[in-house]
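Colleague: Here you go, one structure.
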Amino acid sequence: MEKQKPITNENPAAISVRERLSMESKPENCGVIIFGASGDLAHRKIIPSFYSMYIKKLLPNGFYLLGCGRTSLTDESFREGIKSSLQTFDNDISSKSVEEFLSFCFYSKGDYFSQVLYENIKNKLQKFDEQFNSNNNHIFYLAIPPNIYSNVVKSLAQSGLVQEEKGRKKVVIEKPHGNNLESAMLLIKQLNSVLDEHQIYLIDHYLGKDTVQNILIFRFANVVFEPVWNRNYIDHVEIIAAESDGVGDRAGYFDKAGVLRDMFQNHMMQLLSLVAMEQPLSFDAENMRNEKTKLLKSIQQFPINELEKWIVRGQYSSAELNGEKINGYTEEKNIPGNSKTETFVAAKILIDNERWQGVPFYLMSGKRLHCKKTQIAVYFKHIVHSIFPPLKPNDLSENILVFSVQPNEGISLAIESKHPGPKLCMGDLNMQFLYKDVFSDAPPDAYERLLLDCMLNDQTLFIRENNVELTWKLFTPVLEEWENNPDIPLYKYQAGSRGPVEADEIPRSDKRIWQSMDCWWEQQND
Ligand code: BG6
């Protein structure tokens, strides 16, 4: 990591994302093998991220990409598919850079359960390693259904494809990492039986988002925040990941998962970890992940006998929005009419350590809500004494620090300030930094950052196995109780609303309200 020149008014775009990324060391030559290469994730995220790195000159000189899948494709038809996915990145898909990129993309069709596929891969890798001088370094990316992860990893090992006698071998595994504590532990055991920890890259794409990484920079690279980052000054924290879309075409996966598995066990807990963790010794994989582990271990288990006071679930029902009928969850394509899968969860989390004792973290995530917004809002306490009579401390607004993860990526701080005029009148003011106003490039896609890190052998932004275990330990009892106890309600909320009103009870029982869904500081910026 290197320090950049300051951003000034004269030169607001002093640092472009491209400049910054290209300062990081270049990865060593390698071949990337994508399982599930004809699927949606590969075409929407993984391959475009490699292309984007290619045009930013971040890929090593010796690089190739081998797609594998069950779909019958030739190298040519695979390249055609890539070409159309790249259209969103490069309008001119017949450009030289697209043609160059395609020239090192190949395809191998096969059945994941047949050794023939792995033998084919082996033969192709031998040939490409020579052709592209990739030193036998291979990254296997599993963008396949989670229930076949173990089989594929086992077959890779049986074929000698992940042994590190010659070159590095890494395996990147998409979420979900298990479906509950038991299945997660089984997956971890199976991975560990054939791979070393340094070969395992468990992905949570939220950690690749620039704004998420900025939480750490903000906290630990500035002097002003850390001294007040504790229960003496912080009243509570809200973490919200609201989505306006419904389940889309992912019904098959989502109906078996639900929001607690899909968003809380991974993304939400990672956001919480970064906000709440202690300062690591340094920003590297071991120290960062050690601190996250300590934090996750300090989280209080949910009290199962009074679950509803702590965690509430909901499911969207149909509604009319702008004259258009929006389906309820159970009317969505391929969702059973009697599905009890939750599309919304709100929860309160307490952390048992010196820093956070008594500070509630309110978390909320849901689909088909009234807006799309991921943000972390840190609400500070009121001042203890007011020198502005008749105003009492509680008449003055609390300071609020907001990390806006998406959209409108940025950071803001709400403060009290004097408003213009002869009298001493005060009001809320929002000091805001928006990425789009300051940087010339939009932040890179989260996958781009993570894939680059993987090529650089940096596991700092990947999930360690014991973090997977700890988060499942927290949520598996809740999932079991939801499944087994018919008395626990699944509250309905209208599509396009703010979620079920029953979720308000969680902060209300602490004499608080959800503030981040309709926050004044955003309205001020519109
Ligand atoms: C995925 C979930 O991991 O994250 C999706 O499976 C969710 O259900 C998505 O929509 C949200 O990601 P982002 O980057 O759009 O906030």
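We name chains A, B, ... following the order of the structure tokens; residues begin at 1 in each chain, and ligands are numbered from 1 as shown.
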Could you please extract the residues within 8 Å of ligand 1, counting only C-alpha atoms and all ligand atoms, and hand them back as a ChimeraX atom specification?
Modeller: /A:175,204-206,241,243,245,247,254,259,262-263,267,367,374,406,446
Colleague: Write the residues you've just listed into a file as a PDB file, in the first residue's frame, and include N, CA, C and O atoms for each of them.
Modeller:
ATOM      1  N   LYS A 175     -19.705 -17.912  -1.986  1.00  0.00           N
ATOM      2  CA  LYS A 175     -20.684 -18.218  -0.975  1.00  0.00           C
ATOM      3  C   LYS A 175     -21.903 -18.877  -1.643  1.00  0.00           C
ATOM      4  O   LYS A 175     -22.046 -18.684  -2.854  1.00  0.00           O
ATOM      5  N   ASP A 204     -16.293 -13.324  -0.012  1.00  0.00           N
ATOM      6  CA  ASP A 204     -17.499 -12.571   0.338  1.00  0.00           C
ATOM      7  C   ASP A 204     -17.334 -11.255  -0.408  1.00  0.00           C
ATOM      8  O   ASP A 204     -16.484 -10.425  -0.043  1.00  0.00           O
ATOM      9  N   HIS A 205     -18.118 -11.058  -1.454  1.00  0.00           N
ATOM     10  CA  HIS A 205     -17.795  -9.935  -2.346  1.00  0.00           C
ATOM     11  C   HIS A 205     -17.929  -8.575  -1.657  1.00  0.00           C
ATOM     12  O   HIS A 205     -17.366  -7.584  -2.113  1.00  0.00           O
ATOM     13  N   TYR A 206     -18.643  -8.505  -0.520  1.00  0.00           N
ATOM     14  CA  TYR A 206     -18.755  -7.223   0.175  1.00  0.00           C
ATOM     15  C   TYR A 206     -17.385  -6.707   0.616  1.00  0.00           C
ATOM     16  O   TYR A 206     -17.168  -5.515   0.683  1.00  0.00           O
ATOM     17  N   ALA A 241     -28.877  -3.242   4.738  1.00  0.00           N
ATOM     18  CA  ALA A 241     -28.667  -3.611   3.328  1.00  0.00           C
ATOM     19  C   ALA A 241     -30.058  -3.842   2.738  1.00  0.00           C
ATOM     20  O   ALA A 241     -30.610  -4.941   2.831  1.00  0.00           O
ATOM     21  N   GLU A 243     -32.740  -3.859  -0.362  1.00  0.00           N
ATOM     22  CA  GLU A 243     -32.781  -4.044  -1.822  1.00  0.00           C
ATOM     23  C   GLU A 243     -34.194  -3.784  -2.312  1.00  0.00           C
ATOM     24  O   GLU A 243     -35.161  -4.190  -1.653  1.00  0.00           O
ATOM     25  N   ASP A 245     -35.129  -4.785  -5.395  1.00  0.00           N
ATOM     26  CA  ASP A 245     -35.481  -5.909  -6.267  1.00  0.00           C
ATOM     27  C   ASP A 245     -36.051  -7.061  -5.454  1.00  0.00           C
ATOM     28  O   ASP A 245     -35.775  -7.197  -4.265  1.00  0.00           O
ATOM     29  N   VAL A 247     -36.828 -11.446  -5.749  1.00  0.00           N
ATOM     30  CA  VAL A 247     -35.935 -12.593  -5.802  1.00  0.00           C
ATOM     31  C   VAL A 247     -35.410 -12.853  -7.223  1.00  0.00           C
ATOM     32  O   VAL A 247     -34.451 -13.593  -7.423  1.00  0.00           O
ATOM     33  N   PHE A 254     -32.664 -19.091  -3.727  1.00  0.00           N
ATOM     34  CA  PHE A 254     -33.069 -18.220  -2.619  1.00  0.00           C
ATOM     35  C   PHE A 254     -34.105 -18.880  -1.720  1.00  0.00           C
ATOM     36  O   PHE A 254     -34.054 -18.731  -0.493  1.00  0.00           O
ATOM     37  N   VAL A 259     -33.048 -14.710   3.727  1.00  0.00           N
ATOM     38  CA  VAL A 259     -32.139 -13.575   3.958  1.00  0.00           C
ATOM     39  C   VAL A 259     -31.108 -13.839   5.061  1.00  0.00           C
ATOM     40  O   VAL A 259     -29.983 -13.372   4.987  1.00  0.00           O
ATOM     41  N   ASP A 262     -28.529 -15.812   3.304  1.00  0.00           N
ATOM     42  CA  ASP A 262     -28.038 -15.158   2.090  1.00  0.00           C
ATOM     43  C   ASP A 262     -27.271 -13.865   2.378  1.00  0.00           C
ATOM     44  O   ASP A 262     -26.316 -13.535   1.681  1.00  0.00           O
ATOM     45  N   MET A 263     -27.691 -13.127   3.402  1.00  0.00           N
ATOM     46  CA  MET A 263     -27.081 -11.805   3.649  1.00  0.00           C
ATOM     47  C   MET A 263     -26.456 -11.675   5.032  1.00  0.00           C
ATOM     48  O   MET A 263     -25.430 -11.028   5.186  1.00  0.00           O
ATOM     49  N   HIS A 267     -22.378 -11.240   4.452  1.00  0.00           N
ATOM     50  CA  HIS A 267     -22.152  -9.811   4.213  1.00  0.00           C
ATOM     51  C   HIS A 267     -22.377  -8.944   5.467  1.00  0.00           C
ATOM     52  O   HIS A 267     -21.550  -8.093   5.804  1.00  0.00           O
ATOM     53  N   LYS A 367     -35.455  -7.848   0.853  1.00  0.00           N
ATOM     54  CA  LYS A 367     -35.698  -7.672  -0.575  1.00  0.00           C
ATOM     55  C   LYS A 367     -37.027  -6.953  -0.750  1.00  0.00           C
ATOM     56  O   LYS A 367     -37.875  -6.977   0.136  1.00  0.00           O
ATOM     57  N   THR A 374     -27.235   0.333   0.913  1.00  0.00           N
ATOM     58  CA  THR A 374     -26.434  -0.360   1.918  1.00  0.00           C
ATOM     59  C   THR A 374     -25.653   0.701   2.654  1.00  0.00           C
ATOM     60  O   THR A 374     -24.891   1.456   2.038  1.00  0.00           O
ATOM     61  N   GLN A 406     -23.409   1.762  -0.881  1.00  0.00           N
ATOM     62  CA  GLN A 406     -23.995   1.875  -2.226  1.00  0.00           C
ATOM     63  C   GLN A 406     -25.459   2.253  -2.107  1.00  0.00           C
ATOM     64  O   GLN A 406     -26.066   1.908  -1.083  1.00  0.00           O
ATOM     65  N   ALA A 446     -16.284  -5.068  -6.949  1.00  0.00           N
ATOM     66  CA  ALA A 446     -15.717  -5.792  -5.798  1.00  0.00           C
ATOM     67  C   ALA A 446     -14.951  -7.035  -6.246  1.00  0.00           C
ATOM     68  O   ALA A 446     -13.900  -7.377  -5.702  1.00  0.00           O
TER      69      ALA A 446
END
Colleague: What lies within 9 Å of Ile240 in chain A using only C-alpha atoms, ignoring chain neighbours under 2 positions off, as a list in words?
Modeller: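 Listing them by chain and then by number gives Glu238, Ala242, Met268, Tyr362, Leu363, Met364, Ser365, Gly366, Lys373, Thr374, Gln375, Ile376, Ala377, Ser516 and Met517 of chain A.
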Colleague: Residues of the last selection are to be written out with all heavy atoms, as a short mmCIF file (atom, residue, chain, number, x, y, z; two decimals), in the first residue's frame.
Modeller:
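Saved to part27.cif:
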data_model
loop_
_atom_site.label_atom_id
_atom_site.label_comp_id
_atom_site.auth_asym_id
_atom_site.auth_seq_id
_atom_site.Cartn_x
_atom_site.Cartn_y
_atom_site.Cartn_z
N GLU A 238 -26.34 1.34 13.23
CA GLU A 238 -27.32 0.67 12.33
C GLU A 238 -26.60 0.20 11.08
O GLU A 238 -25.86 0.98 10.46
CB GLU A 238 -28.40 1.66 11.89
CG GLU A 238 -29.59 1.72 12.79
CD GLU A 238 -30.68 2.65 12.25
OE1 GLU A 238 -30.82 2.78 11.01
OE2 GLU A 238 -31.38 3.25 13.08
N ALA A 242 -30.62 -2.77 2.22
CA ALA A 242 -31.98 -2.83 1.68
C ALA A 242 -31.89 -3.01 0.17
O ALA A 242 -31.07 -2.38 -0.48
CB ALA A 242 -32.72 -1.55 2.01
N MET A 268 -23.51 -9.14 6.12
CA MET A 268 -23.83 -8.26 7.27
C MET A 268 -22.83 -8.46 8.40
O MET A 268 -22.42 -7.51 9.05
CB MET A 268 -25.26 -8.56 7.77
CG MET A 268 -26.34 -8.33 6.76
SD MET A 268 -26.49 -6.59 6.29
CE MET A 268 -27.57 -5.96 7.55
N TYR A 362 -27.97 -2.55 15.41
CA TYR A 362 -29.23 -2.95 14.76
C TYR A 362 -28.94 -3.24 13.30
O TYR A 362 -28.39 -2.40 12.59
CB TYR A 362 -30.26 -1.82 14.86
CG TYR A 362 -30.60 -1.43 16.29
CD1 TYR A 362 -30.22 -0.20 16.80
CD2 TYR A 362 -31.30 -2.31 17.11
CE1 TYR A 362 -30.53 0.16 18.11
CE2 TYR A 362 -31.61 -1.96 18.42
CZ TYR A 362 -31.22 -0.72 18.91
OH TYR A 362 -31.51 -0.37 20.20
N LEU A 363 -29.33 -4.43 12.86
CA LEU A 363 -29.04 -4.86 11.49
C LEU A 363 -30.36 -5.13 10.76
O LEU A 363 -31.27 -5.73 11.36
CB LEU A 363 -28.21 -6.16 11.50
CG LEU A 363 -26.69 -6.05 11.63
CD1 LEU A 363 -26.28 -5.34 12.91
CD2 LEU A 363 -26.05 -7.42 11.59
N MET A 364 -30.43 -4.72 9.53
CA MET A 364 -31.66 -4.98 8.76
C MET A 364 -31.29 -5.25 7.30
O MET A 364 -30.46 -4.55 6.72
CB MET A 364 -32.55 -3.74 8.81
CG MET A 364 -33.84 -3.90 8.04
SD MET A 364 -34.61 -2.30 7.72
CE MET A 364 -35.39 -1.97 9.27
N SER A 365 -31.90 -6.29 6.75
CA SER A 365 -31.71 -6.53 5.32
C SER A 365 -32.98 -7.15 4.75
O SER A 365 -33.62 -7.98 5.41
CB SER A 365 -30.52 -7.48 5.10
OG SER A 365 -30.37 -7.72 3.72
N GLY A 366 -33.34 -6.74 3.54
CA GLY A 366 -34.54 -7.31 2.96
C GLY A 366 -34.61 -7.06 1.48
O GLY A 366 -33.92 -6.19 0.94
N LYS A 373 -30.26 0.38 -0.78
CA LYS A 373 -29.30 1.17 -0.01
C LYS A 373 -28.55 0.27 0.96
O LYS A 373 -29.16 -0.48 1.71
CB LYS A 373 -30.06 2.25 0.75
CG LYS A 373 -29.29 2.91 1.84
CD LYS A 373 -29.87 4.24 2.20
CE LYS A 373 -31.10 4.14 3.09
NZ LYS A 373 -31.59 5.45 3.48
N THR A 374 -27.23 0.33 0.91
CA THR A 374 -26.43 -0.36 1.92
C THR A 374 -25.65 0.70 2.65
O THR A 374 -24.89 1.46 2.04
CB THR A 374 -25.45 -1.36 1.26
OG1 THR A 374 -26.22 -2.24 0.44
CG2 THR A 374 -24.72 -2.18 2.30
N GLN A 375 -25.86 0.78 3.95
CA GLN A 375 -25.13 1.80 4.69
C GLN A 375 -24.94 1.44 6.15
O GLN A 375 -25.70 0.67 6.72
CB GLN A 375 -25.77 3.17 4.52
CG GLN A 375 -26.91 3.45 5.43
CD GLN A 375 -27.41 4.88 5.27
OE1 GLN A 375 -27.13 5.60 4.31
NE2 GLN A 375 -28.20 5.33 6.21
N ILE A 376 -23.88 2.01 6.71
CA ILE A 376 -23.59 1.81 8.13
C ILE A 376 -23.66 3.18 8.76
O ILE A 376 -22.96 4.11 8.33
CB ILE A 376 -22.18 1.24 8.31
CG1 ILE A 376 -22.11 -0.11 7.62
CG2 ILE A 376 -21.79 1.13 9.78
CD1 ILE A 376 -20.71 -0.53 7.27
N ALA A 377 -24.52 3.34 9.74
CA ALA A 377 -24.63 4.65 10.40
C ALA A 377 -24.25 4.49 11.87
O ALA A 377 -24.81 3.66 12.58
CB ALA A 377 -26.05 5.19 10.26
N SER A 516 -32.04 4.97 9.68
CA SER A 516 -31.29 5.05 8.41
C SER A 516 -32.16 4.87 7.16
O SER A 516 -31.71 5.20 6.08
CB SER A 516 -30.19 4.00 8.38
OG SER A 516 -29.38 4.13 9.49
N MET A 517 -33.38 4.31 7.34
CA MET A 517 -34.16 4.07 6.13
C MET A 517 -34.66 5.36 5.49
O MET A 517 -34.77 5.47 4.29
CB MET A 517 -35.35 3.16 6.44
CG MET A 517 -34.95 1.72 6.68
SD MET A 517 -34.29 0.95 5.18
CE MET A 517 -35.75 0.17 4.54
#
Colleague: Between CA of Val152 in chain A and CA of Arg168 in chain A, what is the distance in Å, rounded to a tenth?
Modeller: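 Between these atoms lies a distance of 18.2 Å.
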Colleague: Which residues are near Glu354 in chain A? Cut-off 12 Å, only C-alpha atoms, ignore same chain within fewer than 5 positions. Put them as a tab-separated table (two decimals) with all heavy atoms, in the first residue's frame.
Modeller:
chain	number	residue	atom	x	y	z
A	229	TRP	N	-14.40	5.86	19.41
A	229	TRP	CA	-15.03	4.67	18.81
A	229	TRP	C	-15.30	3.62	19.89
A	229	TRP	O	-14.73	2.54	19.90
A	229	TRP	CB	-14.09	4.11	17.74
A	229	TRP	CG	-14.77	3.39	16.61
A	229	TRP	CD1	-14.85	2.05	16.41
A	229	TRP	CD2	-15.46	3.99	15.51
A	229	TRP	NE1	-15.54	1.77	15.27
A	229	TRP	CE2	-15.93	2.95	14.70
A	229	TRP	CE3	-15.73	5.30	15.13
A	229	TRP	CZ2	-16.65	3.18	13.53
A	229	TRP	CZ3	-16.45	5.52	13.96
A	229	TRP	CH2	-16.90	4.47	13.19
A	230	ASN	N	-16.19	3.95	20.79
A	230	ASN	CA	-16.46	3.00	21.88
A	230	ASN	C	-17.75	3.38	22.59
A	230	ASN	O	-18.38	4.38	22.26
A	230	ASN	CB	-15.27	2.98	22.85
A	230	ASN	CG	-14.99	4.37	23.39
A	230	ASN	OD1	-15.88	5.06	23.88
A	230	ASN	ND2	-13.74	4.80	23.26
A	231	ARG	N	-18.09	2.59	23.61
A	231	ARG	CA	-19.37	2.76	24.31
A	231	ARG	C	-19.48	4.10	25.04
A	231	ARG	O	-20.58	4.53	25.38
A	231	ARG	CB	-19.58	1.61	25.27
A	231	ARG	CG	-18.66	1.60	26.44
A	231	ARG	CD	-18.71	0.28	27.17
A	231	ARG	NE	-17.55	0.13	28.01
A	231	ARG	CZ	-17.52	0.48	29.29
A	231	ARG	NH1	-18.58	0.97	29.86
A	231	ARG	NH2	-16.42	0.32	29.98
A	232	ASN	N	-18.37	4.78	25.30
A	232	ASN	CA	-18.46	6.08	25.98
A	232	ASN	C	-19.04	7.14	25.07
A	232	ASN	O	-19.62	8.12	25.53
A	232	ASN	CB	-17.07	6.54	26.46
A	232	ASN	CG	-16.51	5.56	27.46
A	232	ASN	OD1	-17.27	5.00	28.25
A	232	ASN	ND2	-15.22	5.33	27.41
A	276	ALA	N	-16.62	-3.02	14.15
A	276	ALA	CA	-16.48	-3.25	15.59
A	276	ALA	C	-15.14	-3.85	16.02
A	276	ALA	O	-14.82	-3.83	17.20
A	276	ALA	CB	-17.62	-4.16	16.05
A	277	MET	N	-14.37	-4.39	15.10
A	277	MET	CA	-13.14	-5.09	15.49
A	277	MET	C	-12.13	-4.15	16.16
A	277	MET	O	-12.17	-2.94	15.96
A	277	MET	CB	-12.49	-5.76	14.27
A	277	MET	CG	-11.94	-4.78	13.28
A	277	MET	SD	-11.53	-5.56	11.71
A	277	MET	CE	-9.87	-6.03	12.01
A	278	GLU	N	-11.24	-4.75	16.93
A	278	GLU	CA	-10.14	-3.98	17.50
A	278	GLU	C	-9.11	-3.70	16.41
A	278	GLU	O	-9.12	-4.35	15.36
A	278	GLU	CB	-9.48	-4.77	18.64
A	278	GLU	CG	-10.39	-5.01	19.83
A	278	GLU	CD	-10.85	-3.71	20.48
A	278	GLU	OE1	-10.02	-2.82	20.70
A	278	GLU	OE2	-12.07	-3.59	20.75
A	295	LEU	N	-13.57	-10.67	17.54
A	295	LEU	CA	-14.82	-9.93	17.59
A	295	LEU	C	-16.03	-10.88	17.47
A	295	LEU	O	-16.96	-10.81	18.26
A	295	LEU	CB	-14.81	-8.89	16.44
A	295	LEU	CG	-15.90	-7.84	16.33
A	295	LEU	CD1	-17.09	-8.26	15.52
A	295	LEU	CD2	-16.37	-7.31	17.70
A	298	SER	N	-16.96	-12.56	20.48
A	298	SER	CA	-17.53	-11.75	21.57
A	298	SER	C	-19.01	-11.44	21.36
A	298	SER	O	-19.62	-10.78	22.20
A	298	SER	CB	-16.82	-10.40	21.66
A	298	SER	OG	-15.45	-10.54	21.52
A	359	VAL	N	-23.73	-1.42	23.79
A	359	VAL	CA	-24.05	-0.64	22.57
A	359	VAL	C	-24.76	-1.57	21.57
A	359	VAL	O	-24.15	-2.52	21.07
A	359	VAL	CB	-22.76	-0.11	21.90
A	359	VAL	CG1	-23.08	0.65	20.62
A	359	VAL	CG2	-21.98	0.77	22.87
Colleague: Per DSSP on the backbone, filter range 274-424 of chain A down to the residues in strand (DSSP E) and report them as a PyMOL selection string.
Modeller: chain A and resi 311-317+319-321+324-326+344-349+361-366+373-380+400-406+410-418
Colleague: Counting only C-alpha atoms, which residues of range 394-469 of chain A fall within 9 Å of range 191-198 of chain A, and what is the closest atom pair for each with its distance in Å at one decimal, ordered by chain and rising number, as JSON lines?
Modeller:
{"residue": "A:Asn457", "atom": "CA", "partner": "A:His198", "partner_atom": "CA", "distance": 8.2}
{"residue": "A:Gln459", "atom": "CA", "partner": "A:His198", "partner_atom": "CA", "distance": 7.9}
{"residue": "A:Arg464", "atom": "CA", "partner": "A:Glu197", "partner_atom": "CA", "distance": 8.5}
{"residue": "A:Glu465", "atom": "CA", "partner": "A:Glu197", "partner_atom": "CA", "distance": 8.6}
Colleague: Mind listing the alpha helix (DSSP H) residues of range 163-301 of chain A, per DSSP on the backbone, as a PyMOL selection string?
Modeller: chain A and resi 181-194+210-220+251-257+259+269-276+285-297
Colleague: Just how far from CA of Leu65 in chain A is CA of Ser134 in chain A, in Å to one decimal?
Modeller: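 According to the coordinates, CA of Ser134 in chain A and CA of Leu65 in chain A are separated by 11.2 Å.
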Colleague: Counting only C-alpha atoms, which residues in range 238-325 of chain A sit no more than 12 Å from range 487-504 of chain A? For each one, give the nearest pair of atoms and the distance in Å, sorted by chain then residue number, as JSON lines.
Modeller:
{"residue": "A:Ile240", "atom": "CA", "partner": "A:Arg498", "partner_atom": "CA", "distance": 11.6}
{"residue": "A:Ala241", "atom": "CA", "partner": "A:Arg498", "partner_atom": "CA", "distance": 12.0}
{"residue": "A:Ala242", "atom": "CA", "partner": "A:Arg498", "partner_atom": "CA", "distance": 9.0}
{"residue": "A:Glu243", "atom": "CA", "partner": "A:Gly496", "partner_atom": "CA", "distance": 9.6}
{"residue": "A:Ser244", "atom": "CA", "partner": "A:Gly496", "partner_atom": "CA", "distance": 6.9}
{"residue": "A:Asp245", "atom": "CA", "partner": "A:Gly496", "partner_atom": "CA", "distance": 9.1}
{"residue": "A:Gly246", "atom": "CA", "partner": "A:Ala495", "partner_atom": "CA", "distance": 8.4}
{"residue": "A:Val247", "atom": "CA", "partner": "A:Ala495", "partner_atom": "CA", "distance": 11.6}
{"residue": "A:Gly258", "atom": "CA", "partner": "A:Leu490", "partner_atom": "CA", "distance": 11.9}
{"residue": "A:Ile304", "atom": "CA", "partner": "A:Ile488", "partner_atom": "CA", "distance": 10.9}
{"residue": "A:Asn305", "atom": "CA", "partner": "A:Ile488", "partner_atom": "CA", "distance": 10.8}
{"residue": "A:Glu306", "atom": "CA", "partner": "A:Ile488", "partner_atom": "CA", "distance": 10.2}
{"residue": "A:Leu307", "atom": "CA", "partner": "A:Ile488", "partner_atom": "CA", "distance": 8.5}
{"residue": "A:Glu308", "atom": "CA", "partner": "A:Ile488", "partner_atom": "CA", "distance": 7.6}
{"residue": "A:Lys309", "atom": "CA", "partner": "A:Ala503", "partner_atom": "CA", "distance": 9.2}
{"residue": "A:Trp310", "atom": "CA", "partner": "A:Ala503", "partner_atom": "CA", "distance": 9.5}
{"residue": "A:Ile311", "atom": "CA", "partner": "A:Ala503", "partner_atom": "CA", "distance": 8.2}
{"residue": "A:Val312", "atom": "CA", "partner": "A:Ala503", "partner_atom": "CA", "distance": 6.0}
{"residue": "A:Arg313", "atom": "CA", "partner": "A:Leu490", "partner_atom": "CA", "distance": 5.5}
{"residue": "A:Gly314", "atom": "CA", "partner": "A:Tyr491", "partner_atom": "CA", "distance": 4.3}
{"residue": "A:Gln315", "atom": "CA", "partner": "A:Lys492", "partner_atom": "CA", "distance": 5.0}
{"residue": "A:Tyr316", "atom": "CA", "partner": "A:Tyr493", "partner_atom": "CA", "distance": 4.8}
{"residue": "A:Ser317", "atom": "CA", "partner": "A:Gln494", "partner_atom": "CA", "distance": 4.9}
{"residue": "A:Ser318", "atom": "CA", "partner": "A:Ala495", "partner_atom": "CA", "distance": 5.8}
{"residue": "A:Ala319", "atom": "CA", "partner": "A:Ala495", "partner_atom": "CA", "distance": 5.5}
{"residue": "A:Glu320", "atom": "CA", "partner": "A:Ala495", "partner_atom": "CA", "distance": 8.1}
{"residue": "A:Leu321", "atom": "CA", "partner": "A:Gly496", "partner_atom": "CA", "distance": 7.2}
{"residue": "A:Asn322", "atom": "CA", "partner": "A:Gly496", "partner_atom": "CA", "distance": 10.3}
{"residue": "A:Glu324", "atom": "CA", "partner": "A:Ala495", "partner_atom": "CA", "distance": 11.4}
{"residue": "A:Lys325", "atom": "CA", "partner": "A:Ala495", "partner_atom": "CA", "distance": 9.6}
Colleague: Interatomic distance between CA of Asn484 in chain A and CA of Lys348 in chain A?
Modeller: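 These two atoms are separated by 21.6 Å.
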Colleague: Can I get the residues of range 363-436 of chain A within 9 Å of range 211-225 of chain A, each with the closest pair of atoms and their distance in Å to one decimal, using only C-alpha atoms, sorted chain first then ascending number, as a Markdown table?
Modeller:
| residue | atom | partner | partner_atom | distance |
| --- | --- | --- | --- | --- |
| A:Phe403 | CA | A:Thr211 | CA | 7.2 |
| A:Ser404 | CA | A:Thr211 | CA | 7.2 |
| A:Val405 | CA | A:Thr211 | CA | 5.2 |
| A:Gln406 | CA | A:Thr211 | CA | 8.0 |
| A:Glu409 | CA | A:Thr211 | CA | 6.6 |
| A:Gly410 | CA | A:Thr211 | CA | 6.9 |
| A:Ile411 | CA | A:Thr211 | CA | 8.4 |
| A:Tyr435 | CA | A:Thr211 | CA | 8.9 |
Colleague: From the options A:His382, A:Lys45, A:Lys340, A:Arg512, which residue's atoms come nearest to Trp482 in chain A, counting only C-alpha atoms?
Modeller: A:Lys340
Colleague: Any chance you could tabulate, as a tab-separated table, the residues of range 111-222 of chain A at most 12 Å from range 449-456 of chain A with each one's nearest atom pair and distance in Å to one decimal, using only C-alpha atoms, in chain and rising number order?
Modeller:
residue	atom	partner	partner_atom	distance
A:Asn137	CA	A:Met455	CA	9.5
A:His138	CA	A:Met455	CA	9.3
A:Ile139	CA	A:Met455	CA	7.8
A:Phe140	CA	A:Cys454	CA	10.7
A:Tyr141	CA	A:Leu451	CA	9.7
A:Arg168	CA	A:Met455	CA	10.0
A:Lys169	CA	A:Met455	CA	10.4
A:Lys170	CA	A:Cys454	CA	8.1
A:Val171	CA	A:Cys454	CA	9.3
A:Val172	CA	A:Cys454	CA	8.2
A:Ile173	CA	A:Cys454	CA	11.4
A:Glu174	CA	A:Leu450	CA	11.6
A:His198	CA	A:Cys454	CA	10.5
A:Gln199	CA	A:Cys454	CA	9.7
A:Ile200	CA	A:Cys454	CA	9.8
A:Tyr201	CA	A:Cys454	CA	7.4
A:Leu202	CA	A:Cys454	CA	10.3
A:Ile203	CA	A:Leu450	CA	7.9
A:Asp204	CA	A:Leu450	CA	9.0
A:His205	CA	A:Leu450	CA	7.5
A:Tyr206	CA	A:Leu450	CA	9.8
A:Leu207	CA	A:Leu450	CA	8.0
A:Gly208	CA	A:Leu450	CA	5.5
A:Lys209	CA	A:Arg449	CA	7.8
A:Asp210	CA	A:Arg449	CA	8.5
A:Val212	CA	A:Arg449	CA	11.9
A:Gln213	CA	A:Arg449	CA	10.7
Colleague: Which one is closest to Glu448 in chain A: A:Met53, A:Leu274, A:Ile299, A:Leu161? Count only C-alpha atoms.
Modeller: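 The shortest atom-to-atom distance to Glu448 in chain A comes from A:Met53.
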Colleague: Quick one: of A:Cys105, A:Lys56, A:Cys425, A:His177, who's nearest to Pro390 in chain A, counting only C-alpha atoms?
Modeller: A:Cys425
